Amino acid sequence: MSKGHLITGIDIGTSAIKVLTAIKKPEENKLEIVASVSVPSLGVRKGVVINIEETAKSIRKAIEEAERISNHKIKEAHCGLGGSHVFVTTSQGVVAVSRADGIISREDINRVMAAAQAFSIPQNKEILHTLPKEYIIDGERGIKNALEMKGIRLEVQTLNLGGFTPYIKNLTQAVLGADVGITDLVISPLAAARAVLTPKQKELGVAVIDIGAGTTGFAVFEEGELLHLTVIPVGSSHITNDIAIGLKTDIETAERIKLEFGIATVQGTEKRDIIDLSESLGENLSFSRKELAEIIEARLSEIFSFINQELKNISRAQLLPAGIVLTGGGASLPKIKDLAKKELKLPVRIGRPEEFVNAVEDPALSVCAGLVLWGYDSEIENPPNFLKKGVSSKIKNIFKHFIP
C-alpha cells in the first residue's frame, strides 16, 4: 500500500449513514482513523435504500464532512450491503484433474469453482460472493486448500451469498449518485465480523450479532469458515417504537429515554424507582425504571429468540465454544450481555473494532471498521492501482481470510 493511501468504508444504515476513513501509519502495522462521521439517514428503510436521491444526499453530506475532517478527497469506498433480502445458498462443483501427474493446479481450482457457480437462481436475485467451504479429492472430504495436492476427481462445496437485485441496484446508484466510486460491496454482517472476531474465535465456533436500527445481522463461523448468515428485520429502532407506544410519547422523546435511561433486563430494577421527565419536557411523563426495562427486554428477547431458532436450524444452539459477540448500536444498551447469556445460554461479550492505532469504542462503527479492514486486506494482496471506479459485484479475494 502506498504511503498516504486512504481506505474508506460506508455503512448505509436505517437511522444513520456512517463513514470511516483510515490510513496506514508507515511505522506501525495498524491503520489510523483520520475521520469518523455519522449523519441521519434519509431514504433507507430496514437497511434497504428506497429513495435513491434522498440517500445520495445523506451519503454526500457524510462524505463531505469526512473530507473536511481528514483533509483528503474521498473518491471511492468499500460499501456495506444490509437488509433482510440478503440470502445464503449452497452449491457444488466437480471436475477431473487436468494434469497427467494428478497434481491439482490453480486452473483446476478455478474450473471447479466455476462449475459450482453454474446453478440457477430467480431472475431478480444475484450472487455477490462465492466461498469454498471444503474441497473433496477422490472422495476425501474436509480439505481446505486443494492446490498442489494429488488426485483424479476434484469437488468443491460452496456457500453463495447474494441479494435482491433491485435493492442492490438502489444502493449502488445512491453511492454513485454521491460521486463516490464503489471498490467493494460487502454484506454487512461479514464486515462486522471482520472487525470484531479473531481467527481463534472463528476456528472454535462463534456467532456475531450486529444489532442495527432497522435490522439485526447474524453470522456464524466454525473451523475458520462462514457457516451461516442471515439478516433479521428487527432492530433497536423497534425498541424506540415500543417505548413510544408503551409510554405514550413521541419518537424523539422515546429515543432519548432509551439512550439515557434504557436497560436491557428487568433484573435489579424496581417499580418504586421513578423517572419523572415532566419538568424537562413540559408535559406529564413519568414512569418506573422497571416498566421501561420490561418494554426493552421484551423486544430484545424477540431478537434473541430469532437467533436461537437460527442456531437450532444449523444444530449449533448452545454449541459455540467461543460464544456470542454482540456489536452494532444496539449492543450499547446496559446489561444486554446479561440478557443475551440468559436467552442464548452461551458466553457473551461486546465486540468493538481493535485493529486501529486510535481506539474505536463505539460498537455502532463495527460495520464501517470492518469495511476499512477488508479494504486493507485486499490491498495487501493487490497493489493500490487495482482500485477502479464502478461496482465490483464479484469480489474474487474477499473471503480469503476466512479460510485457515
# chains A, B, ... in the order shown; residues from 1 in each chain; ligands from 1
$ residues_around --residues "Thr55 of chain A" --least-positions-apart "5" --cutoff "12 Å" --atoms "only C-alpha atoms" --output "PyMOL selection string"
chain A and resi 11-17+39-45+47-50+60-62+170-178
$ write_last_selection --atoms "N, CA and C atoms" --output "mmCIF file, in the first residue's frame"
data_model
loop_
_atom_site.group_PDB
_atom_site.id
_atom_site.type_symbol
_atom_site.label_atom_id
_atom_site.label_comp_id
_atom_site.auth_asym_id
_atom_site.auth_seq_id
_atom_site.Cartn_x
_atom_site.Cartn_y
_atom_site.Cartn_z
ATOM 1 N N ASP A 11 -21.205 2.701 5.700
ATOM 2 C CA ASP A 11 -22.260 1.852 6.232
ATOM 3 C C ASP A 11 -23.586 2.601 6.076
ATOM 4 N N ILE A 12 -24.427 2.121 5.174
ATOM 5 C CA ILE A 12 -25.705 2.780 4.884
ATOM 6 C C ILE A 12 -26.779 2.111 5.727
ATOM 7 N N GLY A 13 -27.036 2.692 6.897
ATOM 8 C CA GLY A 13 -27.953 2.095 7.842
ATOM 9 C C GLY A 13 -29.327 2.735 7.823
ATOM 10 N N THR A 14 -30.231 2.152 8.598
ATOM 11 C CA THR A 14 -31.607 2.634 8.656
ATOM 12 C C THR A 14 -31.708 4.006 9.301
ATOM 13 N N SER A 15 -30.925 4.232 10.357
ATOM 14 C CA SER A 15 -31.012 5.502 11.082
ATOM 15 C C SER A 15 -29.860 6.447 10.788
ATOM 16 N N ALA A 16 -28.738 5.911 10.313
ATOM 17 C CA ALA A 16 -27.561 6.760 10.102
ATOM 18 C C ALA A 16 -26.706 6.250 8.950
ATOM 19 N N ILE A 17 -26.078 7.200 8.268
ATOM 20 C CA ILE A 17 -25.025 6.899 7.300
ATOM 21 C C ILE A 17 -23.713 7.126 8.019
ATOM 22 N N VAL A 39 -24.200 10.705 10.038
ATOM 23 C CA VAL A 39 -25.254 11.685 9.754
ATOM 24 C C VAL A 39 -26.583 10.939 9.669
ATOM 25 N N PRO A 40 -27.704 11.612 9.940
ATOM 26 C CA PRO A 40 -29.011 10.947 9.820
ATOM 27 C C PRO A 40 -29.226 10.387 8.423
ATOM 28 N N SER A 41 -29.815 9.206 8.380
ATOM 29 C CA SER A 41 -30.043 8.510 7.117
ATOM 30 C C SER A 41 -31.438 8.821 6.583
ATOM 31 N N LEU A 42 -31.505 9.255 5.351
ATOM 32 C CA LEU A 42 -32.779 9.501 4.687
ATOM 33 C C LEU A 42 -32.931 8.524 3.526
ATOM 34 N N GLY A 43 -34.153 8.106 3.269
ATOM 35 C CA GLY A 43 -34.410 7.225 2.128
ATOM 36 C C GLY A 43 -34.049 5.777 2.344
ATOM 37 N N VAL A 44 -33.837 5.359 3.621
ATOM 38 C CA VAL A 44 -33.486 3.968 3.923
ATOM 39 C C VAL A 44 -34.508 3.399 4.902
ATOM 40 N N ARG A 45 -34.994 2.210 4.609
ATOM 41 C CA ARG A 45 -35.940 1.542 5.497
ATOM 42 C C ARG A 45 -35.502 0.096 5.686
ATOM 43 N N GLY A 47 -32.707 -1.159 6.447
ATOM 44 C CA GLY A 47 -31.432 -1.461 5.821
ATOM 45 C C GLY A 47 -31.431 -1.433 4.311
ATOM 46 N N VAL A 48 -32.558 -1.041 3.701
ATOM 47 C CA VAL A 48 -32.687 -1.053 2.241
ATOM 48 C C VAL A 48 -32.939 0.362 1.727
ATOM 49 N N VAL A 49 -32.248 0.740 0.663
ATOM 50 C CA VAL A 49 -32.442 2.054 0.049
ATOM 51 C C VAL A 49 -33.756 2.042 -0.723
ATOM 52 N N ILE A 50 -34.686 2.918 -0.314
ATOM 53 C CA ILE A 50 -35.976 3.001 -1.011
ATOM 54 C C ILE A 50 -36.135 4.318 -1.769
ATOM 55 N N ARG A 60 -23.619 12.000 0.523
ATOM 56 C CA ARG A 60 -22.785 13.133 0.120
ATOM 57 C C ARG A 60 -22.445 14.019 1.328
ATOM 58 N N LYS A 61 -23.440 14.237 2.187
ATOM 59 C CA LYS A 61 -23.213 15.050 3.389
ATOM 60 C C LYS A 61 -22.166 14.404 4.294
ATOM 61 N N ALA A 62 -22.272 13.089 4.479
ATOM 62 C CA ALA A 62 -21.309 12.379 5.317
ATOM 63 C C ALA A 62 -19.913 12.397 4.701
ATOM 64 N N ASN A 170 -30.323 -0.116 -6.163
ATOM 65 C CA ASN A 170 -30.648 1.127 -5.464
ATOM 66 C C ASN A 170 -29.476 1.618 -4.630
ATOM 67 N N LEU A 171 -28.856 0.697 -3.892
ATOM 68 C CA LEU A 171 -27.731 1.088 -3.036
ATOM 69 C C LEU A 171 -26.562 1.602 -3.867
ATOM 70 N N THR A 172 -26.208 0.870 -4.919
ATOM 71 C CA THR A 172 -25.068 1.295 -5.730
ATOM 72 C C THR A 172 -25.344 2.632 -6.428
ATOM 73 N N GLN A 173 -26.575 2.828 -6.876
ATOM 74 C CA GLN A 173 -26.908 4.097 -7.529
ATOM 75 C C GLN A 173 -26.861 5.261 -6.532
ATOM 76 N N ALA A 174 -27.256 5.006 -5.276
ATOM 77 C CA ALA A 174 -27.205 6.054 -4.267
ATOM 78 C C ALA A 174 -25.771 6.467 -3.976
ATOM 79 N N VAL A 175 -24.871 5.485 -3.880
ATOM 80 C CA VAL A 175 -23.459 5.792 -3.620
ATOM 81 C C VAL A 175 -22.836 6.506 -4.811
ATOM 82 N N LEU A 176 -23.070 5.980 -6.010
ATOM 83 C CA LEU A 176 -22.531 6.616 -7.209
ATOM 84 C C LEU A 176 -23.142 7.999 -7.415
ATOM 85 N N GLY A 177 -24.407 8.166 -6.987
ATOM 86 C CA GLY A 177 -25.059 9.470 -7.079
ATOM 87 C C GLY A 177 -24.463 10.500 -6.150
ATOM 88 N N ALA A 178 -23.715 10.021 -5.140
ATOM 89 C CA ALA A 178 -22.994 10.925 -4.238
ATOM 90 C C ALA A 178 -21.570 11.182 -4.732
#
$ residues_around --residues "Ala298 of chain A" --least-positions-apart "3" --cutoff "10 Å" --atoms "only C-alpha atoms" --output "JSON, numbers by chain"
{"A": [239, 242, 264, 265, 266, 293, 294, 295, 301, 302, 303]}
$ write_last_selection --atoms "N, CA and C atoms" --output "compact mmCIF listing (two decimals), in the first residue's frame"
# COMPACT_ATOMS: atom_id res chain seq x y z
N ILE A 239 -37.29 -1.01 19.39
CA ILE A 239 -37.34 -0.74 20.83
C ILE A 239 -37.84 0.68 21.06
N ASP A 242 -41.51 0.77 20.52
CA ASP A 242 -42.22 0.14 21.64
C ASP A 242 -42.31 1.10 22.83
N ALA A 264 -31.37 -3.30 29.53
CA ALA A 264 -31.82 -4.43 28.72
C ALA A 264 -32.62 -5.48 29.48
N THR A 265 -32.57 -5.48 30.80
CA THR A 265 -33.26 -6.51 31.56
C THR A 265 -33.89 -5.94 32.82
N VAL A 266 -34.99 -6.53 33.23
CA VAL A 266 -35.68 -6.05 34.43
C VAL A 266 -34.96 -6.46 35.71
N ALA A 293 -37.68 -1.08 31.50
CA ALA A 293 -36.87 -2.28 31.25
C ALA A 293 -37.72 -3.42 30.69
N GLU A 294 -38.96 -3.53 31.15
CA GLU A 294 -39.85 -4.58 30.64
C GLU A 294 -40.12 -4.40 29.16
N ILE A 295 -40.30 -3.16 28.73
CA ILE A 295 -40.54 -2.88 27.31
C ILE A 295 -39.32 -3.26 26.48
N SER A 301 -35.66 -9.86 23.72
CA SER A 301 -35.92 -11.30 23.84
C SER A 301 -36.45 -11.85 22.51
N GLU A 302 -37.25 -11.05 21.81
CA GLU A 302 -37.74 -11.47 20.50
C GLU A 302 -36.58 -11.64 19.52
N ILE A 303 -35.65 -10.67 19.52
CA ILE A 303 -34.48 -10.77 18.64
C ILE A 303 -33.67 -12.02 18.97
$ select_by_dssp --residues "segment 21-251 of chain A" --states "helix (DSSP H, G or I)" --output "PyMOL selection string"
chain A and resi 52-70+106-116+165-177+188-196+199-204+236-246+251
$ atom_distance --atom1 "atom CA of Gly151 of chain A" --atom2 "atom CA of Val94 of chain A"
12.5 Å
$ closest_residue --among "A:Leu326, A:Val186, A:Val367, A:Ile10" --to "Arg349 of chain A" --atoms "only C-alpha atoms"
A:Leu326
$ atom_distance --atom1 "atom CA of Val360 of chain A" --atom2 "atom CA of Asp210 of chain A"
15.8 Å
$ closest_residue --among "A:Glu76, A:Asp250, A:Glu223, A:Glu343" --to "Ser305 of chain A" --atoms "only C-alpha atoms"
A:Glu343
$ decode --residues "segment 265-310 of chain A" --atoms "C-alpha atoms" --output "PDB file, in the first residue's frame"
ATOM      1  CA  THR A 265     -33.262  -6.510  31.560  1.00  0.00           C
ATOM      2  CA  VAL A 266     -35.683  -6.051  34.432  1.00  0.00           C
ATOM      3  CA  GLN A 267     -33.321  -7.876  36.786  1.00  0.00           C
ATOM      4  CA  GLY A 268     -32.280  -5.479  39.542  1.00  0.00           C
ATOM      5  CA  THR A 269     -34.889  -2.832  38.713  1.00  0.00           C
ATOM      6  CA  GLU A 270     -37.752  -1.715  40.976  1.00  0.00           C
ATOM      7  CA  LYS A 271     -41.166  -0.197  40.365  1.00  0.00           C
ATOM      8  CA  ARG A 272     -40.544   2.441  43.005  1.00  0.00           C
ATOM      9  CA  ASP A 273     -37.562   3.795  41.043  1.00  0.00           C
ATOM     10  CA  ILE A 274     -39.490   6.522  39.219  1.00  0.00           C
ATOM     11  CA  ILE A 275     -38.164   8.667  36.353  1.00  0.00           C
ATOM     12  CA  ASP A 276     -40.085  11.945  36.008  1.00  0.00           C
ATOM     13  CA  LEU A 277     -39.467  13.976  32.841  1.00  0.00           C
ATOM     14  CA  SER A 278     -42.462  16.281  33.240  1.00  0.00           C
ATOM     15  CA  GLU A 279     -40.427  19.357  34.081  1.00  0.00           C
ATOM     16  CA  SER A 280     -37.844  18.962  31.288  1.00  0.00           C
ATOM     17  CA  LEU A 281     -40.447  18.081  28.633  1.00  0.00           C
ATOM     18  CA  GLY A 282     -43.175  20.494  29.680  1.00  0.00           C
ATOM     19  CA  GLU A 283     -45.701  17.662  29.704  1.00  0.00           C
ATOM     20  CA  ASN A 284     -46.778  14.974  32.155  1.00  0.00           C
ATOM     21  CA  LEU A 285     -44.451  11.988  31.680  1.00  0.00           C
ATOM     22  CA  SER A 286     -43.252   9.736  34.476  1.00  0.00           C
ATOM     23  CA  PHE A 287     -42.573   6.002  34.550  1.00  0.00           C
ATOM     24  CA  SER A 288     -40.721   3.427  36.601  1.00  0.00           C
ATOM     25  CA  ARG A 289     -37.331   2.121  35.540  1.00  0.00           C
ATOM     26  CA  LYS A 290     -38.762  -1.393  35.764  1.00  0.00           C
ATOM     27  CA  GLU A 291     -41.609  -0.508  33.380  1.00  0.00           C
ATOM     28  CA  LEU A 292     -39.079   0.794  30.852  1.00  0.00           C
ATOM     29  CA  ALA A 293     -36.873  -2.280  31.250  1.00  0.00           C
ATOM     30  CA  GLU A 294     -39.850  -4.580  30.644  1.00  0.00           C
ATOM     31  CA  ILE A 295     -40.539  -2.875  27.308  1.00  0.00           C
ATOM     32  CA  ILE A 296     -36.906  -3.124  26.199  1.00  0.00           C
ATOM     33  CA  GLU A 297     -36.402  -6.700  27.410  1.00  0.00           C
ATOM     34  CA  ALA A 298     -39.490  -7.925  25.548  1.00  0.00           C
ATOM     35  CA  ARG A 299     -38.160  -6.698  22.196  1.00  0.00           C
ATOM     36  CA  LEU A 300     -34.601  -7.895  22.789  1.00  0.00           C
ATOM     37  CA  SER A 301     -35.921 -11.298  23.835  1.00  0.00           C
ATOM     38  CA  GLU A 302     -37.740 -11.468  20.497  1.00  0.00           C
ATOM     39  CA  ILE A 303     -34.477 -10.770  18.640  1.00  0.00           C
ATOM     40  CA  PHE A 304     -32.618 -13.409  20.648  1.00  0.00           C
ATOM     41  CA  SER A 305     -35.418 -15.932  20.051  1.00  0.00           C
ATOM     42  CA  PHE A 306     -34.913 -15.422  16.298  1.00  0.00           C
ATOM     43  CA  ILE A 307     -31.189 -16.014  16.803  1.00  0.00           C
ATOM     44  CA  ASN A 308     -31.831 -19.144  18.853  1.00  0.00           C
ATOM     45  CA  GLN A 309     -34.055 -20.541  16.114  1.00  0.00           C
ATOM     46  CA  GLU A 310     -31.356 -19.883  13.509  1.00  0.00           C
TER      47      GLU A 310
END
